[in-house]
Amino acid sequence: MSATAIRYLVAGALLGVVVTVLAAALWLRLSGHALHPQPDRTQTATAVNDPFPTDVQLPDLTGRMQAFSQWHGKLLLVNFWATWCVPCRKEIPDLIAEQRRYGSQGLQIVGPAVDDQKAVRKAAPDFGFDYPILTGSLDPMIMLMARLGNATSGLPYSVLVSPQGQIIHRQLGGFESEQLDQLIRQNLPRQADLMKSGRQIADN
Amino acid sequence: MKPSFLLALLPAAATAATLPWPTASNTDALLPAARAFALVDAERNGDAVVVTWQVAPGYYLYRDHIAAQVLAPAGARLGTPRLPPAQAKTVPQLGRVQVYRGALRVTWPQAAGAPAITRVQVSYQGCADIGVCYPPQTRVVEIAAAGAQR
């Protein structure tokens, strides 16, 4: 076989490989095959700038109902978590530190647990939470997350709510320490607004 | 056409085959649990119930969180599941855990001659590599004989 013929043979073989790979990639995309996760278009229950629902309430670890409306006027970070969720557990020390650092400046973190209540009660002391932990049955908690824009029920899931009650950030997956700190510092209420809000709560 | 030109196309073809993939900044690409951990088949095979999953790339199931409970007939029982070898994954705070990726087939044996199991509740749990975990999943599945029309 001549050198030219060998070159054409190699070229033909390579062309075959390229065409096969491209065709496979095209088929996978067109067929919606689960090989590659596609965007979930249903995840639009609430959007950034929508108001946070005013009727949400959940029991705390003592069983007492806690209405989210009590935190109106504060920068509210709602962090859904679970004891079995490793990425959730990873970011909890950062959340505790942020609450300690900015609590007096109007930050309020709350942690609804998408988990068995007994497991949460048992694990909570080890975390040393300095913010309220809320509980609830699995299905209602999943529905609440869906209502707040998390259709996949993945954890951790966080919703940041402005002192005026508007959703300003939603995040599926954990925070990096620096990102969390920056997000909170950028959105803390002004001191004057905080005092005004405190007066309104006292008046009520 | 020179062979070197065709070689240059290979990385592009490979790239086309790997998009889109969920990343830490693209969690919108996250699959719902039913697609991330697709339970594709549940059948009775001899004296055993066999359940098959297809775990999507970028996701994994925890070996220790796979379980099944008989719903019908009443009183029927499943034996200890036969699980294939799992992959070790090091997870901060948990240490080394055993996980499954891709196709997974779990067999629950039954005692020989026991009444055929017709309905089972299967539970399982997993996460995405990007750092998102799903709540425990529970599915009730009807068990047909292997090869039976559904």
# chains A, B, ... in the order shown; residues from 1 in each chain; ligands from 1

call {"tool": "residues_around", "arguments": {"residues": "Tyr100 of chain B", "least_positions_apart": "5", "cutoff": "6 Å", "atoms": "only C-alpha atoms", "output": "list in words"}}
result
Tyr60, Leu61 and Ala86 of chain B

call {"tool": "write_last_selection", "arguments": {"atoms": "N, CA, C and O atoms", "output": "PDB file, in the first residue's frame"}}
result
ATOM      1  N   TYR B  60     -25.042  10.750  42.739  1.00  0.00           N
ATOM      2  CA  TYR B  60     -24.726   9.455  43.343  1.00  0.00           C
ATOM      3  C   TYR B  60     -25.761   9.105  44.411  1.00  0.00           C
ATOM      4  O   TYR B  60     -26.398   9.985  44.999  1.00  0.00           O
ATOM      5  N   LEU B  61     -25.936   7.810  44.622  1.00  0.00           N
ATOM      6  CA  LEU B  61     -26.834   7.301  45.665  1.00  0.00           C
ATOM      7  C   LEU B  61     -25.991   6.749  46.802  1.00  0.00           C
ATOM      8  O   LEU B  61     -24.977   6.093  46.568  1.00  0.00           O
ATOM      9  N   ALA B  86     -19.699  -0.994  45.779  1.00  0.00           N
ATOM     10  CA  ALA B  86     -19.919   0.450  45.630  1.00  0.00           C
ATOM     11  C   ALA B  86     -18.583   1.173  45.522  1.00  0.00           C
ATOM     12  O   ALA B  86     -17.532   0.601  45.785  1.00  0.00           O
TER      13      ALA B  86
END

call {"tool": "residues_around", "arguments": {"residues": "segment 40-57 of chain B", "least_positions_apart": "4", "cutoff": "10 Å", "atoms": "only C-alpha atoms", "output": "mmCIF file with all heavy atoms, in the first residue's frame"}}
result
data_model
loop_
_atom_site.group_PDB
_atom_site.id
_atom_site.type_symbol
_atom_site.label_atom_id
_atom_site.label_comp_id
_atom_site.auth_asym_id
_atom_site.auth_seq_id
_atom_site.Cartn_x
_atom_site.Cartn_y
_atom_site.Cartn_z
ATOM 1 N N HIS A 33 -32.001 12.857 26.744
ATOM 2 C CA HIS A 33 -31.462 11.756 27.542
ATOM 3 C C HIS A 33 -30.895 12.287 28.856
ATOM 4 O O HIS A 33 -30.369 13.377 28.906
ATOM 5 C CB HIS A 33 -30.365 11.074 26.719
ATOM 6 C CG HIS A 33 -29.999 9.712 27.229
ATOM 7 N ND1 HIS A 33 -29.136 9.547 28.265
ATOM 8 C CD2 HIS A 33 -30.410 8.488 26.848
ATOM 9 C CE1 HIS A 33 -29.001 8.245 28.494
ATOM 10 N NE2 HIS A 33 -29.769 7.587 27.654
ATOM 11 N N ALA A 34 -31.055 11.492 29.909
ATOM 12 C CA ALA A 34 -30.661 11.961 31.241
ATOM 13 C C ALA A 34 -29.157 12.026 31.429
ATOM 14 O O ALA A 34 -28.696 12.310 32.510
ATOM 15 C CB ALA A 34 -31.264 11.051 32.299
ATOM 16 N N LEU A 35 -28.410 11.783 30.387
ATOM 17 C CA LEU A 35 -26.959 11.829 30.541
ATOM 18 C C LEU A 35 -26.501 13.200 31.011
ATOM 19 O O LEU A 35 -25.560 13.334 31.779
ATOM 20 C CB LEU A 35 -26.285 11.465 29.211
ATOM 21 C CG LEU A 35 -24.783 11.307 29.238
ATOM 22 C CD1 LEU A 35 -24.378 10.202 30.194
ATOM 23 C CD2 LEU A 35 -24.261 10.994 27.849
ATOM 24 N N HIS A 36 -27.175 14.241 30.548
ATOM 25 C CA HIS A 36 -26.782 15.591 30.949
ATOM 26 C C HIS A 36 -27.966 16.316 31.551
ATOM 27 O O HIS A 36 -28.976 16.499 30.885
ATOM 28 C CB HIS A 36 -26.264 16.377 29.749
ATOM 29 C CG HIS A 36 -25.144 15.663 29.073
ATOM 30 N ND1 HIS A 36 -23.986 15.356 29.737
ATOM 31 C CD2 HIS A 36 -25.046 15.146 27.853
ATOM 32 C CE1 HIS A 36 -23.204 14.687 28.914
ATOM 33 N NE2 HIS A 36 -23.820 14.540 27.775
ATOM 34 N N PRO A 37 -27.849 16.742 32.803
ATOM 35 C CA PRO A 37 -28.946 17.443 33.436
ATOM 36 C C PRO A 37 -29.368 18.677 32.639
ATOM 37 O O PRO A 37 -28.533 19.455 32.201
ATOM 38 C CB PRO A 37 -28.357 17.838 34.788
ATOM 39 C CG PRO A 37 -27.255 16.875 35.029
ATOM 40 C CD PRO A 37 -26.699 16.558 33.658
ATOM 41 N N TRP B 21 -23.569 20.792 32.064
ATOM 42 C CA TRP B 21 -23.318 20.025 33.273
ATOM 43 C C TRP B 21 -23.596 20.935 34.473
ATOM 44 O O TRP B 21 -23.236 22.091 34.434
ATOM 45 C CB TRP B 21 -21.851 19.607 33.266
ATOM 46 C CG TRP B 21 -21.529 18.574 34.287
ATOM 47 C CD1 TRP B 21 -21.102 18.807 35.557
ATOM 48 C CD2 TRP B 21 -21.619 17.162 34.136
ATOM 49 N NE1 TRP B 21 -20.926 17.622 36.195
ATOM 50 C CE2 TRP B 21 -21.227 16.596 35.359
ATOM 51 C CE3 TRP B 21 -21.986 16.321 33.092
ATOM 52 C CZ2 TRP B 21 -21.186 15.225 35.578
ATOM 53 C CZ3 TRP B 21 -21.951 14.956 33.311
ATOM 54 C CH2 TRP B 21 -21.547 14.418 34.544
ATOM 55 N N PRO B 22 -24.247 20.429 35.525
ATOM 56 C CA PRO B 22 -24.494 21.327 36.650
ATOM 57 C C PRO B 22 -23.189 21.717 37.326
ATOM 58 O O PRO B 22 -22.349 20.860 37.594
ATOM 59 C CB PRO B 22 -25.386 20.498 37.589
ATOM 60 C CG PRO B 22 -25.127 19.087 37.229
ATOM 61 C CD PRO B 22 -24.748 19.067 35.781
ATOM 62 N N LEU B 31 -31.151 18.287 38.169
ATOM 63 C CA LEU B 31 -32.292 17.436 37.810
ATOM 64 C C LEU B 31 -33.219 17.233 39.001
ATOM 65 O O LEU B 31 -32.749 17.185 40.139
ATOM 66 C CB LEU B 31 -31.792 16.065 37.370
ATOM 67 C CG LEU B 31 -31.068 15.963 36.040
ATOM 68 C CD1 LEU B 31 -30.529 14.549 35.856
ATOM 69 C CD2 LEU B 31 -31.986 16.326 34.899
ATOM 70 N N ALA B 33 -35.261 14.852 41.476
ATOM 71 C CA ALA B 33 -34.779 13.567 42.011
ATOM 72 C C ALA B 33 -35.217 12.385 41.150
ATOM 73 O O ALA B 33 -34.459 11.434 40.966
ATOM 74 C CB ALA B 33 -35.276 13.401 43.442
ATOM 75 N N ALA B 34 -36.435 12.462 40.601
ATOM 76 C CA ALA B 34 -36.946 11.329 39.822
ATOM 77 C C ALA B 34 -36.101 11.070 38.578
ATOM 78 O O ALA B 34 -36.065 9.946 38.070
ATOM 79 C CB ALA B 34 -38.394 11.590 39.426
ATOM 80 N N ARG B 35 -35.428 12.103 38.079
ATOM 81 C CA ARG B 35 -34.558 11.904 36.905
ATOM 82 C C ARG B 35 -33.105 11.694 37.317
ATOM 83 O O ARG B 35 -32.349 11.001 36.627
ATOM 84 C CB ARG B 35 -34.673 13.092 35.956
ATOM 85 C CG ARG B 35 -35.993 13.095 35.181
ATOM 86 C CD ARG B 35 -36.092 14.276 34.259
ATOM 87 N NE ARG B 35 -35.073 14.277 33.229
ATOM 88 C CZ ARG B 35 -34.722 15.356 32.533
ATOM 89 N NH1 ARG B 35 -35.306 16.514 32.772
ATOM 90 N NH2 ARG B 35 -33.798 15.283 31.607
ATOM 91 N N ALA B 36 -32.721 12.302 38.418
ATOM 92 C CA ALA B 36 -31.341 12.119 38.888
ATOM 93 C C ALA B 36 -31.118 10.667 39.315
ATOM 94 O O ALA B 36 -30.065 10.091 39.080
ATOM 95 C CB ALA B 36 -31.056 13.062 40.049
ATOM 96 N N LEU B 61 -25.936 7.810 44.622
ATOM 97 C CA LEU B 61 -26.834 7.301 45.665
ATOM 98 C C LEU B 61 -25.991 6.749 46.802
ATOM 99 O O LEU B 61 -24.977 6.093 46.568
ATOM 100 C CB LEU B 61 -27.702 6.170 45.121
ATOM 101 C CG LEU B 61 -28.985 6.514 44.374
ATOM 102 C CD1 LEU B 61 -29.661 5.236 43.903
ATOM 103 C CD2 LEU B 61 -29.940 7.333 45.239
ATOM 104 N N ALA B 68 -35.952 -1.434 51.148
ATOM 105 C CA ALA B 68 -37.249 -1.816 50.578
ATOM 106 C C ALA B 68 -38.097 -2.451 51.662
ATOM 107 O O ALA B 68 -37.578 -3.122 52.562
ATOM 108 C CB ALA B 68 -37.058 -2.787 49.423
ATOM 109 N N LEU B 78 -38.809 -9.632 52.840
ATOM 110 C CA LEU B 78 -37.631 -9.644 51.971
ATOM 111 C C LEU B 78 -36.395 -9.941 52.807
ATOM 112 O O LEU B 78 -36.322 -9.534 53.972
ATOM 113 C CB LEU B 78 -37.456 -8.284 51.291
ATOM 114 C CG LEU B 78 -38.489 -7.905 50.222
ATOM 115 C CD1 LEU B 78 -38.318 -6.441 49.831
ATOM 116 C CD2 LEU B 78 -38.335 -8.790 48.994
ATOM 117 N N GLY B 79 -35.435 -10.612 52.194
ATOM 118 C CA GLY B 79 -34.185 -10.890 52.887
ATOM 119 C C GLY B 79 -33.213 -9.720 52.791
ATOM 120 O O GLY B 79 -33.556 -8.632 52.298
ATOM 121 N N PRO B 81 -30.610 -7.348 51.325
ATOM 122 C CA PRO B 81 -30.365 -7.066 49.907
ATOM 123 C C PRO B 81 -28.950 -7.444 49.463
ATOM 124 O O PRO B 81 -27.996 -7.345 50.230
ATOM 125 C CB PRO B 81 -30.576 -5.548 49.809
ATOM 126 C CG PRO B 81 -30.364 -5.044 51.187
ATOM 127 C CD PRO B 81 -30.798 -6.134 52.112
ATOM 128 N N ARG B 82 -28.887 -7.894 48.203
ATOM 129 C CA ARG B 82 -27.564 -8.151 47.601
ATOM 130 C C ARG B 82 -27.208 -6.922 46.789
ATOM 131 O O ARG B 82 -27.812 -6.647 45.735
ATOM 132 C CB ARG B 82 -27.628 -9.389 46.709
ATOM 133 C CG ARG B 82 -27.739 -10.682 47.517
ATOM 134 C CD ARG B 82 -27.363 -11.885 46.666
ATOM 135 N NE ARG B 82 -28.346 -12.156 45.630
ATOM 136 C CZ ARG B 82 -29.367 -12.972 45.761
ATOM 137 N NH1 ARG B 82 -29.566 -13.612 46.903
ATOM 138 N NH2 ARG B 82 -30.214 -13.165 44.767
ATOM 139 N N TYR B 100 -23.152 4.792 44.809
ATOM 140 C CA TYR B 100 -23.353 4.194 43.480
ATOM 141 C C TYR B 100 -23.554 5.282 42.443
ATOM 142 O O TYR B 100 -24.238 6.274 42.685
ATOM 143 C CB TYR B 100 -24.590 3.292 43.484
ATOM 144 C CG TYR B 100 -24.426 2.064 44.328
ATOM 145 C CD1 TYR B 100 -25.140 1.913 45.504
ATOM 146 C CD2 TYR B 100 -23.555 1.050 43.947
ATOM 147 C CE1 TYR B 100 -24.990 0.783 46.285
ATOM 148 C CE2 TYR B 100 -23.389 -0.075 44.730
ATOM 149 C CZ TYR B 100 -24.112 -0.208 45.894
ATOM 150 O OH TYR B 100 -23.946 -1.325 46.661
ATOM 151 N N ARG B 101 -22.974 5.055 41.295
ATOM 152 C CA ARG B 101 -23.171 5.922 40.131
ATOM 153 C C ARG B 101 -23.566 5.049 38.950
ATOM 154 O O ARG B 101 -23.262 3.861 38.918
ATOM 155 C CB ARG B 101 -21.880 6.680 39.792
ATOM 156 C CG ARG B 101 -21.402 7.600 40.913
ATOM 157 C CD ARG B 101 -20.045 8.206 40.563
ATOM 158 N NE ARG B 101 -19.514 8.991 41.664
ATOM 159 C CZ ARG B 101 -19.806 10.262 41.895
ATOM 160 N NH1 ARG B 101 -20.628 10.911 41.081
ATOM 161 N NH2 ARG B 101 -19.285 10.899 42.915
ATOM 162 N N GLY B 102 -24.235 5.647 37.976
ATOM 163 C CA GLY B 102 -24.604 4.900 36.769
ATOM 164 C C GLY B 102 -25.696 3.878 37.053
ATOM 165 O O GLY B 102 -26.578 4.076 37.880
ATOM 166 N N ALA B 103 -25.613 2.739 36.355
ATOM 167 C CA ALA B 103 -26.640 1.704 36.500
ATOM 168 C C ALA B 103 -26.452 0.959 37.817
ATOM 169 O O ALA B 103 -25.330 0.631 38.199
ATOM 170 C CB ALA B 103 -26.557 0.734 35.333
ATOM 171 N N LEU B 104 -27.548 0.717 38.495
ATOM 172 C CA LEU B 104 -27.505 0.018 39.774
ATOM 173 C C LEU B 104 -28.636 -1.005 39.821
ATOM 174 O O LEU B 104 -29.787 -0.686 39.521
ATOM 175 C CB LEU B 104 -27.667 1.021 40.925
ATOM 176 C CG LEU B 104 -27.924 0.414 42.308
ATOM 177 C CD1 LEU B 104 -26.724 -0.407 42.773
ATOM 178 C CD2 LEU B 104 -28.234 1.511 43.332
ATOM 179 N N ARG B 105 -28.294 -2.212 40.209
ATOM 180 C CA ARG B 105 -29.275 -3.296 40.285
ATOM 181 C C ARG B 105 -29.147 -3.934 41.664
ATOM 182 O O ARG B 105 -28.081 -4.424 42.039
ATOM 183 C CB ARG B 105 -28.934 -4.310 39.183
ATOM 184 C CG ARG B 105 -29.926 -5.407 38.935
ATOM 185 C CD ARG B 105 -29.406 -6.198 37.736
ATOM 186 N NE ARG B 105 -29.850 -7.571 37.766
ATOM 187 C CZ ARG B 105 -30.937 -8.007 37.146
ATOM 188 N NH1 ARG B 105 -31.668 -7.177 36.447
ATOM 189 N NH2 ARG B 105 -31.286 -9.278 37.216
ATOM 190 N N VAL B 106 -30.249 -3.873 42.432
ATOM 191 C CA VAL B 106 -30.239 -4.424 43.791
ATOM 192 C C VAL B 106 -31.241 -5.573 43.858
ATOM 193 O O VAL B 106 -32.375 -5.449 43.370
ATOM 194 C CB VAL B 106 -30.595 -3.342 44.830
ATOM 195 C CG1 VAL B 106 -30.604 -3.937 46.243
ATOM 196 C CG2 VAL B 106 -29.610 -2.191 44.756
ATOM 197 N N THR B 107 -30.825 -6.678 44.469
ATOM 198 C CA THR B 107 -31.668 -7.869 44.567
ATOM 199 C C THR B 107 -32.009 -8.150 46.025
ATOM 200 O O THR B 107 -31.114 -8.227 46.874
ATOM 201 C CB THR B 107 -30.916 -9.088 43.981
ATOM 202 O OG1 THR B 107 -30.578 -8.797 42.619
ATOM 203 C CG2 THR B 107 -31.778 -10.335 44.023
ATOM 204 N N TRP B 108 -33.308 -8.261 46.282
ATOM 205 C CA TRP B 108 -33.768 -8.658 47.615
ATOM 206 C C TRP B 108 -34.286 -10.086 47.516
ATOM 207 O O TRP B 108 -35.322 -10.329 46.871
ATOM 208 C CB TRP B 108 -34.893 -7.747 48.101
ATOM 209 C CG TRP B 108 -34.449 -6.429 48.646
ATOM 210 C CD1 TRP B 108 -34.122 -6.148 49.939
ATOM 211 C CD2 TRP B 108 -34.295 -5.194 47.932
ATOM 212 N NE1 TRP B 108 -33.778 -4.822 50.076
ATOM 213 C CE2 TRP B 108 -33.874 -4.215 48.853
ATOM 214 C CE3 TRP B 108 -34.463 -4.828 46.586
ATOM 215 C CZ2 TRP B 108 -33.632 -2.905 48.488
ATOM 216 C CZ3 TRP B 108 -34.224 -3.522 46.222
ATOM 217 C CH2 TRP B 108 -33.805 -2.576 47.163
ATOM 218 N N PRO B 109 -33.628 -11.042 48.122
ATOM 219 C CA PRO B 109 -34.094 -12.435 48.035
ATOM 220 C C PRO B 109 -35.309 -12.671 48.931
ATOM 221 O O PRO B 109 -35.529 -11.950 49.912
ATOM 222 C CB PRO B 109 -32.891 -13.229 48.537
ATOM 223 C CG PRO B 109 -32.151 -12.292 49.419
ATOM 224 C CD PRO B 109 -32.395 -10.909 48.908
ATOM 225 N N GLN B 110 -36.071 -13.661 48.560
ATOM 226 C CA GLN B 110 -37.207 -14.122 49.357
ATOM 227 C C GLN B 110 -36.963 -15.573 49.703
ATOM 228 O O GLN B 110 -36.266 -16.277 48.944
ATOM 229 C CB GLN B 110 -38.469 -14.047 48.502
ATOM 230 C CG GLN B 110 -39.449 -12.952 48.854
ATOM 231 C CD GLN B 110 -40.792 -13.231 48.210
ATOM 232 O OE1 GLN B 110 -40.905 -13.293 46.994
ATOM 233 N NE2 GLN B 110 -41.810 -13.395 49.041
ATOM 234 N N ALA B 111 -37.586 -16.021 50.774
ATOM 235 C CA ALA B 111 -37.467 -17.442 51.104
ATOM 236 C C ALA B 111 -38.120 -18.262 49.991
ATOM 237 O O ALA B 111 -39.148 -17.861 49.441
ATOM 238 C CB ALA B 111 -38.159 -17.719 52.441
ATOM 239 N N ALA B 112 -37.498 -19.393 49.652
ATOM 240 C CA ALA B 112 -38.029 -20.244 48.575
ATOM 241 C C ALA B 112 -39.456 -20.671 48.901
ATOM 242 O O ALA B 112 -39.761 -21.056 50.034
ATOM 243 C CB ALA B 112 -37.136 -21.468 48.410
ATOM 244 N N GLY B 113 -40.330 -20.532 47.915
ATOM 245 C CA GLY B 113 -41.711 -20.968 48.091
ATOM 246 C C GLY B 113 -42.604 -19.968 48.797
ATOM 247 O O GLY B 113 -43.806 -20.221 48.977
ATOM 248 N N ALA B 114 -42.053 -18.824 49.228
ATOM 249 C CA ALA B 114 -42.868 -17.799 49.904
ATOM 250 C C ALA B 114 -43.815 -17.169 48.885
ATOM 251 O O ALA B 114 -43.542 -17.196 47.678
ATOM 252 C CB ALA B 114 -41.951 -16.745 50.517
ATOM 253 N N PRO B 115 -44.944 -16.594 49.348
ATOM 254 C CA PRO B 115 -45.877 -15.981 48.400
ATOM 255 C C PRO B 115 -45.209 -14.847 47.619
ATOM 256 O O PRO B 115 -44.386 -14.102 48.158
ATOM 257 C CB PRO B 115 -47.002 -15.444 49.291
ATOM 258 C CG PRO B 115 -46.491 -15.481 50.674
ATOM 259 C CD PRO B 115 -45.408 -16.499 50.730
ATOM 260 N N ALA B 116 -45.571 -14.753 46.348
ATOM 261 C CA ALA B 116 -44.931 -13.758 45.472
ATOM 262 C C ALA B 116 -45.248 -12.345 45.942
ATOM 263 O O ALA B 116 -46.406 -12.010 46.189
ATOM 264 C CB ALA B 116 -45.417 -13.959 44.043
ATOM 265 N N ILE B 117 -44.230 -11.548 46.055
ATOM 266 C CA ILE B 117 -44.407 -10.150 46.474
ATOM 267 C C ILE B 117 -44.916 -9.345 45.279
ATOM 268 O O ILE B 117 -44.392 -9.467 44.166
ATOM 269 C CB ILE B 117 -43.077 -9.602 47.021
ATOM 270 C CG1 ILE B 117 -42.826 -10.216 48.403
ATOM 271 C CG2 ILE B 117 -43.100 -8.078 47.116
ATOM 272 C CD1 ILE B 117 -41.479 -9.935 48.979
ATOM 273 N N THR B 118 -45.939 -8.537 45.522
ATOM 274 C CA THR B 118 -46.548 -7.792 44.413
ATOM 275 C C THR B 118 -46.385 -6.283 44.539
ATOM 276 O O THR B 118 -46.527 -5.561 43.562
ATOM 277 C CB THR B 118 -48.046 -8.109 44.319
ATOM 278 O OG1 THR B 118 -48.653 -7.838 45.594
ATOM 279 C CG2 THR B 118 -48.272 -9.566 43.931
ATOM 280 N N ARG B 119 -46.148 -5.799 45.746
ATOM 281 C CA ARG B 119 -45.970 -4.349 45.895
ATOM 282 C C ARG B 119 -44.918 -4.063 46.965
ATOM 283 O O ARG B 119 -44.946 -4.663 48.048
ATOM 284 C CB ARG B 119 -47.286 -3.667 46.276
ATOM 285 C CG ARG B 119 -47.211 -2.144 46.126
ATOM 286 C CD ARG B 119 -48.510 -1.446 46.519
ATOM 287 N NE ARG B 119 -49.659 -2.018 45.849
ATOM 288 C CZ ARG B 119 -50.792 -2.342 46.469
ATOM 289 N NH1 ARG B 119 -50.935 -2.150 47.745
ATOM 290 N NH2 ARG B 119 -51.791 -2.855 45.785
ATOM 291 N N VAL B 120 -44.024 -3.137 46.650
ATOM 292 C CA VAL B 120 -42.906 -2.828 47.555
ATOM 293 C C VAL B 120 -42.749 -1.314 47.653
ATOM 294 O O VAL B 120 -42.979 -0.593 46.679
ATOM 295 C CB VAL B 120 -41.601 -3.464 46.994
ATOM 296 C CG1 VAL B 120 -40.374 -2.915 47.684
ATOM 297 C CG2 VAL B 120 -41.632 -4.975 47.124
ATOM 298 N N VAL B 122 -39.919 1.346 48.078
ATOM 299 C CA VAL B 122 -38.456 1.451 47.974
ATOM 300 C C VAL B 122 -38.040 2.848 48.417
ATOM 301 O O VAL B 122 -38.669 3.840 48.037
ATOM 302 C CB VAL B 122 -37.991 1.217 46.517
ATOM 303 C CG1 VAL B 122 -36.479 1.234 46.432
ATOM 304 C CG2 VAL B 122 -38.535 -0.099 46.005
ATOM 305 N N GLY B 126 -29.759 10.383 47.718
ATOM 306 C CA GLY B 126 -28.499 10.707 47.058
ATOM 307 C C GLY B 126 -28.270 12.192 46.945
ATOM 308 O O GLY B 126 -29.050 13.011 47.433
ATOM 309 N N ALA B 128 -26.010 15.428 44.448
ATOM 310 C CA ALA B 128 -25.304 15.830 43.228
ATOM 311 C C ALA B 128 -23.880 16.220 43.613
ATOM 312 O O ALA B 128 -23.656 16.753 44.702
ATOM 313 C CB ALA B 128 -26.013 17.003 42.572
ATOM 314 N N ASP B 129 -22.953 15.965 42.721
ATOM 315 C CA ASP B 129 -21.551 16.268 43.033
ATOM 316 C C ASP B 129 -21.303 17.751 43.303
ATOM 317 O O ASP B 129 -20.322 18.106 43.939
ATOM 318 C CB ASP B 129 -20.654 15.828 41.861
ATOM 319 C CG ASP B 129 -20.459 14.320 41.843
ATOM 320 O OD1 ASP B 129 -20.428 13.716 42.926
ATOM 321 O OD2 ASP B 129 -20.362 13.755 40.748
ATOM 322 N N VAL B 141 -43.791 0.639 44.287
ATOM 323 C CA VAL B 141 -43.709 0.026 42.954
ATOM 324 C C VAL B 141 -44.425 -1.325 42.940
ATOM 325 O O VAL B 141 -44.351 -2.095 43.906
ATOM 326 C CB VAL B 141 -42.241 -0.155 42.490
ATOM 327 C CG1 VAL B 141 -41.624 1.175 42.135
ATOM 328 C CG2 VAL B 141 -41.402 -0.841 43.548
ATOM 329 N N GLU B 142 -45.155 -1.551 41.854
ATOM 330 C CA GLU B 142 -45.805 -2.843 41.649
ATOM 331 C C GLU B 142 -44.745 -3.795 41.082
ATOM 332 O O GLU B 142 -43.957 -3.408 40.215
ATOM 333 C CB GLU B 142 -46.955 -2.713 40.640
ATOM 334 C CG GLU B 142 -47.993 -1.657 41.022
ATOM 335 C CD GLU B 142 -48.740 -1.988 42.305
ATOM 336 O OE1 GLU B 142 -48.921 -3.196 42.585
ATOM 337 O OE2 GLU B 142 -49.116 -1.055 43.041
ATOM 338 N N ILE B 143 -44.735 -5.013 41.571
ATOM 339 C CA ILE B 143 -43.716 -5.971 41.151
ATOM 340 C C ILE B 143 -44.339 -6.995 40.201
ATOM 341 O O ILE B 143 -45.201 -7.787 40.613
ATOM 342 C CB ILE B 143 -43.101 -6.705 42.362
ATOM 343 C CG1 ILE B 143 -42.659 -5.704 43.440
ATOM 344 C CG2 ILE B 143 -41.948 -7.593 41.917
ATOM 345 C CD1 ILE B 143 -41.552 -4.773 43.012
ATOM 346 N N ALA B 144 -43.898 -6.960 38.977
ATOM 347 C CA ALA B 144 -44.375 -7.950 38.001
ATOM 348 C C ALA B 144 -43.312 -9.032 37.846
ATOM 349 O O ALA B 144 -42.135 -8.820 38.185
ATOM 350 C CB ALA B 144 -44.617 -7.257 36.668
ATOM 351 N N ALA B 145 -43.742 -10.174 37.342
ATOM 352 C CA ALA B 145 -42.764 -11.232 37.074
ATOM 353 C C ALA B 145 -41.837 -10.771 35.954
ATOM 354 O O ALA B 145 -42.250 -10.011 35.074
ATOM 355 C CB ALA B 145 -43.488 -12.510 36.669
ATOM 356 N N ALA B 146 -40.588 -11.218 35.996
ATOM 357 C CA ALA B 146 -39.623 -10.814 34.966
ATOM 358 C C ALA B 146 -40.171 -11.138 33.592
ATOM 359 O O ALA B 146 -40.668 -12.237 33.355
ATOM 360 C CB ALA B 146 -38.304 -11.537 35.206
ATOM 361 N N GLY B 147 -40.111 -10.157 32.703
ATOM 362 C CA GLY B 147 -40.550 -10.371 31.327
ATOM 363 C C GLY B 147 -42.048 -10.212 31.121
ATOM 364 O O GLY B 147 -42.515 -10.278 29.989
ATOM 365 N N ALA B 148 -42.799 -9.976 32.220
ATOM 366 C CA ALA B 148 -44.249 -9.834 32.068
ATOM 367 C C ALA B 148 -44.586 -8.490 31.440
ATOM 368 O O ALA B 148 -43.855 -7.519 31.604
ATOM 369 C CB ALA B 148 -44.928 -9.954 33.417
#

call {"tool": "select_by_dssp", "arguments": {"residues": "segment 106-182 of chain A", "states": "alpha helix (DSSP H)", "output": "PyMOL selection string"}}
result
chain A and resi 117-127+138-147+177-182

call {"tool": "closest_atom_pairs", "arguments": {"of": "segment 139-158 of chain A", "to": "segment 52-62 of chain A", "cutoff": "9 Å", "atoms": "only C-alpha atoms", "output": "tab-separated table"}}
result
residue	atom	partner	partner_atom	distance
A:Leu144	CA	A:Val56	CA	8.5
A:Arg147	CA	A:Pro53	CA	8.9
A:Leu148	CA	A:Phe52	CA	7.9

call {"tool": "decode", "arguments": {"residues": "segment 77-83 of chain A", "atoms": "N, CA and C atoms", "output": "PDB file, in the first residue's frame"}}
result
ATOM      1  N   LEU A  77     -32.404  35.624  56.627  1.00  0.00           N
ATOM      2  CA  LEU A  77     -31.837  34.552  55.807  1.00  0.00           C
ATOM      3  C   LEU A  77     -32.476  33.239  56.237  1.00  0.00           C
ATOM      4  N   VAL A  78     -33.288  32.680  55.356  1.00  0.00           N
ATOM      5  CA  VAL A  78     -33.959  31.412  55.645  1.00  0.00           C
ATOM      6  C   VAL A  78     -33.117  30.306  55.014  1.00  0.00           C
ATOM      7  N   ASN A  79     -32.540  29.471  55.853  1.00  0.00           N
ATOM      8  CA  ASN A  79     -31.612  28.429  55.381  1.00  0.00           C
ATOM      9  C   ASN A  79     -32.206  27.050  55.658  1.00  0.00           C
ATOM     10  N   PHE A  80     -32.742  26.423  54.604  1.00  0.00           N
ATOM     11  CA  PHE A  80     -33.278  25.070  54.724  1.00  0.00           C
ATOM     12  C   PHE A  80     -32.102  24.084  54.790  1.00  0.00           C
ATOM     13  N   TRP A  81     -32.180  23.161  55.727  1.00  0.00           N
ATOM     14  CA  TRP A  81     -31.058  22.243  55.935  1.00  0.00           C
ATOM     15  C   TRP A  81     -31.587  20.895  56.434  1.00  0.00           C
ATOM     16  N   ALA A  82     -30.701  19.950  56.648  1.00  0.00           N
ATOM     17  CA  ALA A  82     -31.072  18.661  57.233  1.00  0.00           C
ATOM     18  C   ALA A  82     -29.837  18.035  57.854  1.00  0.00           C
ATOM     19  N   THR A  83     -30.068  17.192  58.843  1.00  0.00           N
ATOM     20  CA  THR A  83     -28.926  16.547  59.511  1.00  0.00           C
ATOM     21  C   THR A  83     -28.189  15.607  58.560  1.00  0.00           C
TER      22      THR A  83
END
